[in-house]
Every structure is written in structure tokens, then in C-alpha cells.
Amino acid sequence: MIGVDFKIALHREVIRDDSRHFDDKTKSKIKKKIIEMLGSHPKIAGEALSRELAGYRKLKIFDDYRIVYRVDEKKRQVFILAVGIRRHAEIYKQALKRLQS
């Protein structure tokens with residue numbers, strides 16, 4: 001059985017903006033993957049990002065979708081900065097924009 005050891009926190013725009021791009025079925029699948037993969041071993045699940053997004057990680061789901069997140073081991077928390085489609089690096093541009101605001 002998979003235990004959830006890390007609290008999941010979302011950037012306000014993940015809920016307000018990112019989720020509008022997905023139908024209910026896709027939202028449900030993404031939520032399930034987040035809990036399964038990031039709830040217990042978030043550093044194993046994703047790959048480290050570099051340059052402007054150093055300190056963040058990416059999780060590939062469903063081929064074209066990415067989740068950009070940061071792990072705080074001390075607080076046992078995963079902070080999700082952005083969820084979206086990888087196409088033309090859109091998700092990474094969105095993540096950078098959120099960091100700069």
C-alpha cells in the first residue's frame with residue numbers, strides 16, 4: 001500500500017488557471033498521479049531541472065504532460081508550481097513566469 005508521507009501544496013494559479021485546460025477525466029488522472037508519485041517519494045519520481053528552474057523538478061505524466069514542483073524535505077512538503085503540456089516548453093515558461101511574479 002502506498003502511504004502519503006509528503007503534504008501536497010499547490011500554487012494558486014495551478015487551481016485557478018492550469019486546471020481549466022483539462023477536462024474532468026484528465027484532472028482526476030493528474031490528481032491520482034500526483035498523490036501516487038509525489039506523495040511518498042517525490043525525489044525519485046521526478047527529474048531535477050536546471051538553470052532558472054534549479055531547485056525544482058519535473059514529473060512526466062501521460063507523455064505530453066509535466067508537473068513542475070519543489071520538494072521541502074524538512075517540512076515534508078511538495079509544492080507544485082505548474083501543471084501543463086510540454087509542447088514548445090510552455091509549462092517551463094509558465095513556471096518561470098510564476099517565479100518572477
# chains A, B, ... in the order shown; residues from 1 in each chain; ligands from 1
$ closest_atom_pairs --of "segment 58-100 of chain A" --to "segment 15-27 of chain A" --cutoff "10 Å" --atoms "only C-alpha atoms" --output "JSON lines"
{"residue": "A:Phe62", "atom": "CA", "partner": "A:Thr26", "partner_atom": "CA", "distance": 9.7}
{"residue": "A:Ala82", "atom": "CA", "partner": "A:Asp18", "partner_atom": "CA", "distance": 7.2}
{"residue": "A:Val83", "atom": "CA", "partner": "A:Asp18", "partner_atom": "CA", "distance": 6.1}
{"residue": "A:Gly84", "atom": "CA", "partner": "A:Asp18", "partner_atom": "CA", "distance": 6.5}
{"residue": "A:Ile85", "atom": "CA", "partner": "A:His21", "partner_atom": "CA", "distance": 9.4}
{"residue": "A:Ile91", "atom": "CA", "partner": "A:Asp18", "partner_atom": "CA", "distance": 9.7}
{"residue": "A:Gln94", "atom": "CA", "partner": "A:Asp18", "partner_atom": "CA", "distance": 9.8}
$ write_last_selection --atoms "N, CA and C atoms" --output "mmCIF file, in the first residue's frame"
data_model
loop_
_atom_site.group_PDB
_atom_site.id
_atom_site.type_symbol
_atom_site.label_atom_id
_atom_site.label_comp_id
_atom_site.auth_asym_id
_atom_site.auth_seq_id
_atom_site.Cartn_x
_atom_site.Cartn_y
_atom_site.Cartn_z
ATOM 1 N N PHE A 62 1.648 10.986 -18.695
ATOM 2 C CA PHE A 62 0.858 10.892 -19.932
ATOM 3 C C PHE A 62 1.597 11.469 -21.141
ATOM 4 N N ALA A 82 3.513 24.358 -11.324
ATOM 5 C CA ALA A 82 2.777 24.403 -12.589
ATOM 6 C C ALA A 82 2.449 22.994 -13.066
ATOM 7 N N VAL A 83 1.325 22.882 -13.764
ATOM 8 C CA VAL A 83 0.899 21.627 -14.381
ATOM 9 C C VAL A 83 0.440 21.976 -15.791
ATOM 10 N N GLY A 84 0.992 21.279 -16.776
ATOM 11 C CA GLY A 84 0.574 21.591 -18.137
ATOM 12 C C GLY A 84 1.220 20.723 -19.181
ATOM 13 N N ILE A 85 1.029 21.150 -20.418
ATOM 14 C CA ILE A 85 1.539 20.423 -21.570
ATOM 15 C C ILE A 85 2.957 20.892 -21.876
ATOM 16 N N ILE A 91 5.081 24.738 -20.434
ATOM 17 C CA ILE A 91 4.986 24.536 -18.991
ATOM 18 C C ILE A 91 6.161 25.176 -18.252
ATOM 19 N N GLN A 94 5.752 28.969 -18.272
ATOM 20 C CA GLN A 94 4.735 29.321 -17.281
ATOM 21 C C GLN A 94 5.305 29.281 -15.867
#
$ residues_around --residues "Glu47 of chain A" --least-positions-apart "5" --cutoff "10 Å" --atoms "only C-alpha atoms" --output "ChimeraX atom specification"
/A:42,56-60,68
$ write_last_selection --atoms "C-alpha atoms" --output "PDB file, in the first residue's frame"
ATOM      1  CA  PRO A  42       8.953  12.863  -4.784  1.00  0.00           C
ATOM      2  CA  TYR A  56      12.653  22.388  -8.986  1.00  0.00           C
ATOM      3  CA  ARG A  57      11.877  19.027 -10.501  1.00  0.00           C
ATOM      4  CA  LYS A  58       9.700  17.805 -13.346  1.00  0.00           C
ATOM      5  CA  LEU A  59       7.431  14.819 -13.384  1.00  0.00           C
ATOM      6  CA  LYS A  60       6.451  13.422 -16.770  1.00  0.00           C
ATOM      7  CA  VAL A  68       6.925  21.305 -12.112  1.00  0.00           C
TER       8      VAL A  68
END
$ atom_distance --atom1 "atom CA of Ala95 of chain A" --atom2 "atom CA of His41 of chain A"
21.9 Å
$ closest_residue --among "A:Ile8, A:Ile30, A:Val14, A:Ile80" --to "Tyr65 of chain A" --atoms "only C-alpha atoms"
A:Ile30
$ closest_residue --among "A:Lys97, A:Lys7, A:Ala54, A:Lys74" --to "Leu38 of chain A" --atoms "only C-alpha atoms"
A:Lys7
$ select_by_dssp --residues "chain A" --states "helix (DSSP H, G or I)" --output "ChimeraX atom specification"
/A:12-16,18-21,24-38,42-45,51-53,87-100
$ write_last_selection --atoms "C-alpha atoms" --output "compact mmCIF listing (two decimals), in the first residue's frame"
# COMPACT_ATOMS: atom_id res chain seq x y z
CA ARG A 12 -2.75 29.37 -6.54
CA GLU A 13 -2.56 29.55 -10.33
CA VAL A 14 -2.43 25.75 -10.64
CA ILE A 15 -6.01 25.67 -9.40
CA ARG A 16 -7.18 28.92 -11.00
CA ASP A 18 -3.88 25.29 -15.12
CA SER A 19 -6.85 23.16 -14.17
CA ARG A 20 -9.11 24.98 -16.66
CA HIS A 21 -7.16 23.40 -19.52
CA ASP A 24 -12.70 16.31 -15.52
CA LYS A 25 -11.34 12.90 -16.50
CA THR A 26 -7.83 14.29 -17.14
CA LYS A 27 -7.92 16.30 -13.88
CA SER A 28 -8.78 13.14 -11.99
CA LYS A 29 -5.92 11.21 -13.61
CA ILE A 30 -3.44 14.00 -12.87
CA LYS A 31 -4.56 14.22 -9.24
CA LYS A 32 -4.17 10.44 -8.85
CA LYS A 33 -0.64 10.54 -10.32
CA ILE A 34 0.34 13.42 -8.03
CA ILE A 35 -0.77 11.50 -4.95
CA GLU A 36 0.78 8.22 -6.10
CA MET A 37 4.10 9.55 -7.32
CA LEU A 38 4.77 12.67 -5.27
CA PRO A 42 8.95 12.86 -4.78
CA LYS A 43 12.71 12.97 -5.40
CA ILE A 44 12.70 9.54 -7.01
CA ALA A 45 9.60 10.23 -9.13
CA ARG A 51 19.20 26.94 -14.98
CA GLU A 52 16.40 29.28 -13.92
CA LEU A 53 14.39 26.35 -12.53
CA ARG A 87 4.57 21.45 -26.11
CA HIS A 88 7.06 24.17 -27.07
CA ALA A 89 8.28 24.24 -23.46
CA GLU A 90 5.06 26.05 -22.45
CA ILE A 91 4.99 24.54 -18.99
CA TYR A 92 8.52 25.68 -18.20
CA LYS A 93 7.84 29.22 -19.46
CA GLN A 94 4.73 29.32 -17.28
CA ALA A 95 6.70 28.12 -14.25
CA LEU A 96 9.36 30.81 -14.78
CA LYS A 97 6.71 33.49 -15.12
CA ARG A 98 5.21 32.42 -11.80
CA LEU A 99 8.58 32.55 -10.08
CA GLN A 100 9.20 36.07 -11.34
$ select_by_dssp --residues "chain A" --states "strand (DSSP E or B)" --output "number ranges by chain"
A: 7-10, 47-48, 57-61, 65-72, 77-85
$ decode --residues "segment 22-33 of chain A" --atoms "N, CA and C atoms" --output "compact mmCIF listing (two decimals), in the first residue's frame"
# COMPACT_ATOMS: atom_id res chain seq x y z
N PHE A 22 -7.96 21.30 -18.59
CA PHE A 22 -8.18 19.86 -18.60
C PHE A 22 -9.64 19.53 -18.35
N ASP A 23 -10.11 18.48 -19.00
CA ASP A 23 -11.46 18.00 -18.70
C ASP A 23 -11.43 17.26 -17.37
N ASP A 24 -12.61 16.93 -16.85
CA ASP A 24 -12.70 16.31 -15.52
C ASP A 24 -11.95 14.97 -15.44
N LYS A 25 -12.01 14.20 -16.49
CA LYS A 25 -11.34 12.90 -16.50
C LYS A 25 -9.81 13.08 -16.40
N THR A 26 -9.28 14.02 -17.16
CA THR A 26 -7.83 14.29 -17.14
C THR A 26 -7.42 14.85 -15.78
N LYS A 27 -8.21 15.75 -15.22
CA LYS A 27 -7.92 16.30 -13.88
C LYS A 27 -7.83 15.18 -12.86
N SER A 28 -8.76 14.26 -12.92
CA SER A 28 -8.78 13.14 -11.99
C SER A 28 -7.53 12.27 -12.13
N LYS A 29 -7.12 12.01 -13.36
CA LYS A 29 -5.92 11.21 -13.61
C LYS A 29 -4.67 11.93 -13.09
N ILE A 30 -4.59 13.22 -13.33
CA ILE A 30 -3.44 14.00 -12.87
C ILE A 30 -3.38 14.00 -11.35
N LYS A 31 -4.52 14.22 -10.70
CA LYS A 31 -4.56 14.22 -9.24
C LYS A 31 -4.10 12.87 -8.69
N LYS A 32 -4.55 11.79 -9.29
CA LYS A 32 -4.17 10.44 -8.85
C LYS A 32 -2.66 10.24 -8.98
N LYS A 33 -2.09 10.67 -10.11
CA LYS A 33 -0.64 10.54 -10.32
C LYS A 33 0.15 11.37 -9.30
